[in-house]
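S.K.: Before I ask anything, let me first share the structure, which is written out below as structure tokens.
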Amino acid sequence: MRAKVFVARRIPDAGLAPIAAACEVDVWPERLAPPPDVLRDRVKDCDGLVSLLTDRVDAALLAAAPRLKVVSNFAVGFDNVDVAACAARGVKVGNTPEVLTDATADIAVTLLLAAARRLGEAAADARAGRWLTWEPLGWLGQDLAGRTLGVVGMGRIGLATARRLHRGWGMKVLYTDQADVPVADRDLGAKRVDLDTLLAESDFVSVHAALTLETRGLFGADRFRRMKRTAVFVNTARGPIVDQVALAEALRSGTIFAAGLDVTDPEPLPAGHELYGLPNCVVAPHVASATVGTRDAMARRCADNLLAGVRGEPLPHEVRPAGSGG
Ligand code: GLV
């Protein structure tokens, strides 16, 4: 009998086709996520689920899906999945690491440049007829060359971002992580420091940490106060790592210079939110992995995990519960 699979949104054919070739597939056709009760109903007799970061996979969902063997998350992040609850029911969890590292690092650099050089504000002014002449004191931003980058979370994406900014702009690299990252130290001359030192010494602070109990709300008012007044803050990780009220105040008061965000809390950030109204804040709608090639590669990786899971084989990219040693 063919395995039954629910795919919680249309994903690229590069991943959908191999799943459809092997399984009986139900694809959620809407642009928005299935509501939780609908999701629960659609997975009730499924062997596999392809979830997105907008779908909550929790104990209630798992209880409604007794046949489920695998949750293949179409993302590298998996804070939407209760991995411990999955493990308790013997449900494997997969994610899509590596293939989106370059695209995400590219967006971190894009946001850093846009915020440092006031691109959002300048482009909006030009379009609105506020470009009156070449102004010696107009739209002055921050230089990048030779400045200091602070990477919060030196994983694959943090490292790829640091490589770009060290090799392209000669930036000195500081970072925080649980342990030294020898490849960063060796290749980039990077130095692991405590967060207070990083905040005090960095001209650019880029967040690449996973969302966990420890990182939720990590950037509050006190953290912004410790940064330079010329600092640019970039977040391409997860919105809840930042206290947005504190960030908005830091941007409004000039406590920091500017921010570039690809992630917010909530997502989508509602129209009219105060962060959109701040000229020194660039907000992108969570597009870091949004290139044709990257999304195809994510879809393939997602299909590989899903198909391995429904066949009872080890997942090529399995997420293991914290503390399991995996
Ligand atoms: C996107 O945010 C991802 O985790 O892949």
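Note on naming: chains are A, B, ... as they come in the structure tokens, residues start from 1 per chain, ligands start from 1 in the order shown.
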Hey, which bits of chain A sit within 9 Å of ligand 1, and for each residue what's the closest pair of atoms and how far apart in Å (one decimal), counting only C-alpha atoms and all ligand atoms, rows by chain and increasing number, as a Markdown table?

M.R.:
| residue | atom | partner | partner_atom_place_in_ligand_line | distance |
| --- | --- | --- | --- | --- |
| A:Leu52 | CA | ligand 1 | 5 (O) | 8.7 |
| A:Leu53 | CA | ligand 1 | 4 (O) | 6.9 |
| A:Asn73 | CA | ligand 1 | 5 (O) | 8.6 |
| A:Phe74 | CA | ligand 1 | 5 (O) | 6.7 |
| A:Ala75 | CA | ligand 1 | 5 (O) | 3.2 |
| A:Val76 | CA | ligand 1 | 5 (O) | 4.0 |
| A:Gly77 | CA | ligand 1 | 4 (O) | 3.4 |
| A:Phe78 | CA | ligand 1 | 4 (O) | 6.6 |
| A:Asp79 | CA | ligand 1 | 4 (O) | 8.6 |
| A:Asn95 | CA | ligand 1 | 5 (O) | 8.1 |
| A:Thr96 | CA | ligand 1 | 5 (O) | 7.0 |
| A:Pro97 | CA | ligand 1 | 5 (O) | 7.8 |
| A:Leu100 | CA | ligand 1 | 5 (O) | 7.1 |
| A:Thr104 | CA | ligand 1 | 1 (C) | 8.5 |
| A:Ala210 | CA | ligand 1 | 4 (O) | 8.9 |
| A:Thr236 | CA | ligand 1 | 2 (O) | 7.7 |
| A:Ala237 | CA | ligand 1 | 2 (O) | 6.6 |
| A:Arg238 | CA | ligand 1 | 2 (O) | 7.1 |
| A:Asp262 | CA | ligand 1 | 2 (O) | 8.9 |
| A:Val263 | CA | ligand 1 | 2 (O) | 7.9 |
| A:His286 | CA | ligand 1 | 2 (O) | 6.8 |
| A:Val287 | CA | ligand 1 | 2 (O) | 8.0 |
| A:Ala288 | CA | ligand 1 | 1 (C) | 7.0 |
| A:Ser289 | CA | ligand 1 | 1 (C) | 6.6 |
| A:Met298 | CA | ligand 1 | 5 (O) | 8.4 |

S.K.: Write out as a ChimeraX atom specification which residues come within 12 Å of Gly138 in chain A when counting only C-alpha atoms, dropping same-chain ones fewer than 2 positions away.

M.R.: /A:117-118,121-122,125-126,130-136,140-141

S.K.: The selected residues should be written to file as a PDB file, in the first residue's frame (atoms: C-alpha atoms).

M.R.:
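Output below, filename out-v3.pdb:
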ATOM      1  CA  ARG A 117      23.676  52.892   3.684  1.00  0.00           C
ATOM      2  CA  ARG A 118      20.060  53.915   4.402  1.00  0.00           C
ATOM      3  CA  GLU A 121      14.892  55.486   3.201  1.00  0.00           C
ATOM      4  CA  ALA A 122      16.874  56.921   0.273  1.00  0.00           C
ATOM      5  CA  ASP A 125      12.671  59.543  -0.820  1.00  0.00           C
ATOM      6  CA  ALA A 126      13.727  59.366  -4.471  1.00  0.00           C
ATOM      7  CA  ARG A 130      12.212  64.224  -2.114  1.00  0.00           C
ATOM      8  CA  TRP A 131      15.461  63.917  -4.151  1.00  0.00           C
ATOM      9  CA  LEU A 132      16.010  67.639  -4.659  1.00  0.00           C
ATOM     10  CA  THR A 133      19.723  67.720  -5.480  1.00  0.00           C
ATOM     11  CA  TRP A 134      23.088  66.066  -4.689  1.00  0.00           C
ATOM     12  CA  GLU A 135      23.431  66.861  -1.018  1.00  0.00           C
ATOM     13  CA  PRO A 136      26.749  66.843   0.843  1.00  0.00           C
ATOM     14  CA  LEU A 140      24.799  59.735   5.204  1.00  0.00           C
ATOM     15  CA  GLY A 141      25.313  56.132   6.254  1.00  0.00           C
TER      16      GLY A 141
END

S.K.: Smallest atom-to-atom distance to Ala221 in chain A: which of A:Gly260, A:Ser206, A:Leu251, A:Thr54, using only C-alpha atoms?

M.R.: A:Leu251

S.K.: What are the DSSP strand (DSSP E or B) residues of range 91-275 of chain A, as a ChimeraX atom specification?

M.R.: /A:92-94,148-152,172-176,191-192,204-207,219,232-235,242,258-261

S.K.: Pick the closest to Cys281 in chain A from A:Asn80, A:Asn305, A:Gln244, A:Thr215: which is it, counting only C-alpha atoms?

M.R.: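 The answer is A:Gln244, which sits nearest to Cys281 in chain A.
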
S.K.: What does the distance from CA of Val234 in chain A to CA of Phe204 in chain A come to in Å, to one decimal?

M.R.: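 Answer for the CA of Val234 in chain A to CA of Phe204 in chain A separation: 7.6 Å.
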
S.K.: List as a list in words the protein and nucleic acid residues near Gly153 in chain A, meaning an atom at most 6 Å away when only C-alpha atoms are counted, but skip any in the same chain fewer than 5 places from it.

M.R.: Thr176, Asp177, His208 and Ala209 of chain A

S.K.: If I take CA of Tyr175 in chain A and CA of Leu275 in chain A, how far is one from the other in Å, to one decimal?

M.R.: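 Going from CA of Tyr175 in chain A over to CA of Leu275 in chain A, I get 26.6 Å.
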